[in-house]
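Worksheet: the structure to be examined is printed underneath.
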Amino acid sequence: MEGRKTQKSQVRILGIDDASFTFGEDKTKAVGVVVRCPGYVEGVMMSDITIDGLDSTDAVIRMVNRSRYKRQLKLIVIDGAALGGFNVVDIKRIHSDTGIAVATITRYKPDFSEIEKALRSHFDDWEYRLKLMKASEIHEFDTENKPVYVSFAGIEYDDLKELLANATLRGALPEAIRLAHLIGAAFVKGESHGRA
């Protein structure tokens, strides 16, 4: 039993967040950090994404498929359902095109009525973006702090819950996402700040 726990705690996950940006800019970076659980950083990768575009799914797929870490990854975990504003990720397609389980995670339960209002006011294709956001069921996961809200593809609920617990050192989010956030902020602003 102890050997099983050790093996699970040594799995590698890729945490992805976007780099800091301001609206009005065209591009930002999707930042990925490969962590061997619970917190040993093995690699960092980046890919360009369009702010409020529709290329985040392709950017994540490219990032993963060209990576030397791909064969070792057990999970891709993304901070929220979109990168670079409302550049919504399609976790089912990321899973099918990489063969790796994918989850999005957020501290706050999505308010789809508010999201719909925001999408309607900014995008002609708002229905497509909203449909993509709602394509996977959202589950509440308890943590040592507050709950987090997770959608996933290519993995079972209990396996994901155990992986996320092993990947989280402090707080509610996996260490890989926390690090991706810090690196993304520093890449743009020269110094990291805030929390994922």
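Following the order of the structure tokens, chains are lettered A, B, ..., residues in each are numbered from 1, and ligands are numbered from 1.
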Taking only chain A into account, list the residues labelled helix (DSSP H, G or I) by DSSP (computed from the backbone), as a PDB file with C-alpha atoms, in the first residue's frame.
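Final output, saved to part_18.pdb:
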```pdb
ATOM      1  CA  GLU A   2       2.823   2.424   0.870  1.00  0.00           C
ATOM      2  CA  GLY A   3       4.530   1.688  -2.467  1.00  0.00           C
ATOM      3  CA  ARG A   4       1.300   2.473  -4.294  1.00  0.00           C
ATOM      4  CA  LYS A   5       1.018   5.832  -2.539  1.00  0.00           C
ATOM      5  CA  THR A   6       4.635   6.705  -3.351  1.00  0.00           C
ATOM      6  CA  GLN A   7       4.121   5.811  -6.993  1.00  0.00           C
ATOM      7  CA  LYS A   8       0.981   7.960  -7.235  1.00  0.00           C
ATOM      8  CA  SER A   9       2.688  10.868  -5.493  1.00  0.00           C
ATOM      9  CA  SER A  56      -6.233  28.103 -26.917  1.00  0.00           C
ATOM     10  CA  THR A  57      -7.205  24.469 -27.552  1.00  0.00           C
ATOM     11  CA  ASP A  58      -4.791  24.200 -30.488  1.00  0.00           C
ATOM     12  CA  ALA A  59      -2.074  25.985 -28.502  1.00  0.00           C
ATOM     13  CA  VAL A  60      -2.351  23.508 -25.614  1.00  0.00           C
ATOM     14  CA  ILE A  61      -2.385  20.521 -27.987  1.00  0.00           C
ATOM     15  CA  ARG A  62       0.729  21.832 -29.776  1.00  0.00           C
ATOM     16  CA  MET A  63       2.474  22.527 -26.471  1.00  0.00           C
ATOM     17  CA  VAL A  64       1.855  19.003 -25.225  1.00  0.00           C
ATOM     18  CA  ASN A  65       2.419  17.066 -28.445  1.00  0.00           C
ATOM     19  CA  LYS A  70       4.464  14.099 -23.097  1.00  0.00           C
ATOM     20  CA  ARG A  71       4.925  10.370 -22.519  1.00  0.00           C
ATOM     21  CA  GLN A  72       5.393  10.934 -18.777  1.00  0.00           C
ATOM     22  CA  ILE A  91     -10.919  19.733 -22.865  1.00  0.00           C
ATOM     23  CA  LYS A  92     -12.470  16.807 -24.728  1.00  0.00           C
ATOM     24  CA  ARG A  93     -10.499  17.638 -27.876  1.00  0.00           C
ATOM     25  CA  ILE A  94      -7.300  18.209 -25.890  1.00  0.00           C
ATOM     26  CA  HIS A  95      -7.754  14.760 -24.366  1.00  0.00           C
ATOM     27  CA  SER A  96      -8.532  13.093 -27.701  1.00  0.00           C
ATOM     28  CA  ASP A  97      -5.630  14.793 -29.534  1.00  0.00           C
ATOM     29  CA  THR A  98      -3.006  14.195 -26.819  1.00  0.00           C
ATOM     30  CA  PHE A 112     -23.270  30.884 -16.388  1.00  0.00           C
ATOM     31  CA  SER A 113     -25.927  33.593 -16.501  1.00  0.00           C
ATOM     32  CA  GLU A 114     -23.235  36.242 -15.905  1.00  0.00           C
ATOM     33  CA  ILE A 115     -20.859  34.513 -18.313  1.00  0.00           C
ATOM     34  CA  GLU A 116     -23.584  34.460 -20.966  1.00  0.00           C
ATOM     35  CA  LYS A 117     -24.187  38.206 -20.526  1.00  0.00           C
ATOM     36  CA  ALA A 118     -20.477  38.932 -20.940  1.00  0.00           C
ATOM     37  CA  LEU A 119     -20.171  36.675 -23.985  1.00  0.00           C
ATOM     38  CA  ARG A 120     -23.298  38.097 -25.651  1.00  0.00           C
ATOM     39  CA  SER A 121     -21.988  41.642 -25.296  1.00  0.00           C
ATOM     40  CA  HIS A 122     -18.571  40.905 -26.814  1.00  0.00           C
ATOM     41  CA  TRP A 126     -21.072  33.699 -27.994  1.00  0.00           C
ATOM     42  CA  GLU A 127     -23.299  30.623 -28.270  1.00  0.00           C
ATOM     43  CA  TYR A 128     -20.369  28.467 -29.423  1.00  0.00           C
ATOM     44  CA  ARG A 129     -18.125  29.694 -26.594  1.00  0.00           C
ATOM     45  CA  LEU A 130     -20.826  29.151 -23.991  1.00  0.00           C
ATOM     46  CA  LYS A 131     -21.593  25.678 -25.335  1.00  0.00           C
ATOM     47  CA  LEU A 132     -17.898  24.799 -25.066  1.00  0.00           C
ATOM     48  CA  MET A 133     -17.793  26.011 -21.454  1.00  0.00           C
ATOM     49  CA  TYR A 157     -13.633  11.225 -10.629  1.00  0.00           C
ATOM     50  CA  ASP A 158     -11.909   9.319  -7.791  1.00  0.00           C
ATOM     51  CA  ASP A 159      -8.589   9.069  -9.655  1.00  0.00           C
ATOM     52  CA  LEU A 160      -8.647  12.797 -10.419  1.00  0.00           C
ATOM     53  CA  LYS A 161      -9.485  13.693  -6.846  1.00  0.00           C
ATOM     54  CA  GLU A 162      -6.532  11.655  -5.585  1.00  0.00           C
ATOM     55  CA  LEU A 163      -4.179  13.131  -8.192  1.00  0.00           C
ATOM     56  CA  LEU A 164      -5.197  16.699  -7.347  1.00  0.00           C
ATOM     57  CA  ALA A 165      -4.737  16.039  -3.630  1.00  0.00           C
ATOM     58  CA  ASN A 166      -1.214  14.700  -4.293  1.00  0.00           C
ATOM     59  CA  ALA A 167      -0.435  17.676  -6.561  1.00  0.00           C
ATOM     60  CA  GLU A 175       1.347  23.433  -7.411  1.00  0.00           C
ATOM     61  CA  ALA A 176       1.796  23.239 -11.194  1.00  0.00           C
ATOM     62  CA  ILE A 177      -0.947  25.837 -11.753  1.00  0.00           C
ATOM     63  CA  ARG A 178       0.376  28.089  -8.990  1.00  0.00           C
ATOM     64  CA  LEU A 179       3.828  28.015 -10.565  1.00  0.00           C
ATOM     65  CA  ALA A 180       2.476  28.604 -14.097  1.00  0.00           C
ATOM     66  CA  HIS A 181       0.678  31.682 -12.788  1.00  0.00           C
ATOM     67  CA  LEU A 182       3.805  33.057 -11.102  1.00  0.00           C
ATOM     68  CA  ILE A 183       5.996  32.438 -14.159  1.00  0.00           C
ATOM     69  CA  GLY A 184       3.415  33.965 -16.494  1.00  0.00           C
ATOM     70  CA  ALA A 185       3.189  37.122 -14.391  1.00  0.00           C
ATOM     71  CA  ALA A 186       6.977  37.458 -14.146  1.00  0.00           C
ATOM     72  CA  PHE A 187       7.414  36.863 -17.880  1.00  0.00           C
ATOM     73  CA  VAL A 188       5.276  39.909 -18.678  1.00  0.00           C
ATOM     74  CA  LYS A 189       5.764  42.219 -15.701  1.00  0.00           C
TER      75      LYS A 189
END
```
Requested in this report: List every residue of segment 3-182 of chain A that DSSP, applied to the backbone, labels as strand (DSSP E or B), and write the result as a PyMOL selection string.
Outcome: chain A and resi 12-18+23+25+27-36+40-50+73-79+82-83+87-88+101-106+139-141+148-153
Requested in this report: One decimal, Å: what's the distance from atom CA of Ile76 of chain A over to atom CA of Phe123 of chain A, could you say?
Outcome: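 The value is 27.7 Å.
Using only C-alpha atoms, the smallest distance between any of A:Asp48, A:Arg36, A:Ala30, A:Gly99 and Ala82 of chain A comes from A:Ala30.
Each of A:Ala135, A:Val150, A:Leu75, A:Leu169 was checked against Lys109 of chain A using only C-alpha atoms; the smallest atom-to-atom distance is that of A:Val150.
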Report task. Extract, using only C-alpha atoms, all DNA, RNA and protein residues at most 9 Å from Pro147 of chain A, discarding same-chain residues fewer than 3 positions from it, and format them as a list in words. Result ->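 Near neighbours after the sequence-gap exclusion: Arg107, Tyr108, Glu140, Phe141, Asp142, Thr143, Glu144 and Ala172 of chain A.
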Using only C-alpha atoms, which residues sit within 8 Å of Gly53 of chain A once same-chain residues fewer than 4 positions away are excluded, as an mmCIF file with N, CA and C atoms, in the first residue's frame?
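Output (result.cif):
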```
data_model
loop_
_atom_site.group_PDB
_atom_site.id
_atom_site.type_symbol
_atom_site.label_atom_id
_atom_site.label_comp_id
_atom_site.auth_asym_id
_atom_site.auth_seq_id
_atom_site.Cartn_x
_atom_site.Cartn_y
_atom_site.Cartn_z
ATOM 1 N N ILE A 49 -1.035 32.492 -27.522
ATOM 2 C CA ILE A 49 -2.483 32.433 -27.688
ATOM 3 C C ILE A 49 -3.012 33.836 -27.979
ATOM 4 N N GLY A 84 -6.357 33.551 -21.725
ATOM 5 C CA GLY A 84 -6.338 34.778 -22.527
ATOM 6 C C GLY A 84 -7.720 35.376 -22.700
ATOM 7 N N PHE A 86 -11.509 35.230 -22.948
ATOM 8 C CA PHE A 86 -12.544 34.233 -23.252
ATOM 9 C C PHE A 86 -12.113 33.285 -24.367
ATOM 10 N N ASN A 87 -10.838 32.933 -24.416
ATOM 11 C CA ASN A 87 -10.325 31.959 -25.382
ATOM 12 C C ASN A 87 -10.548 30.565 -24.770
#
```
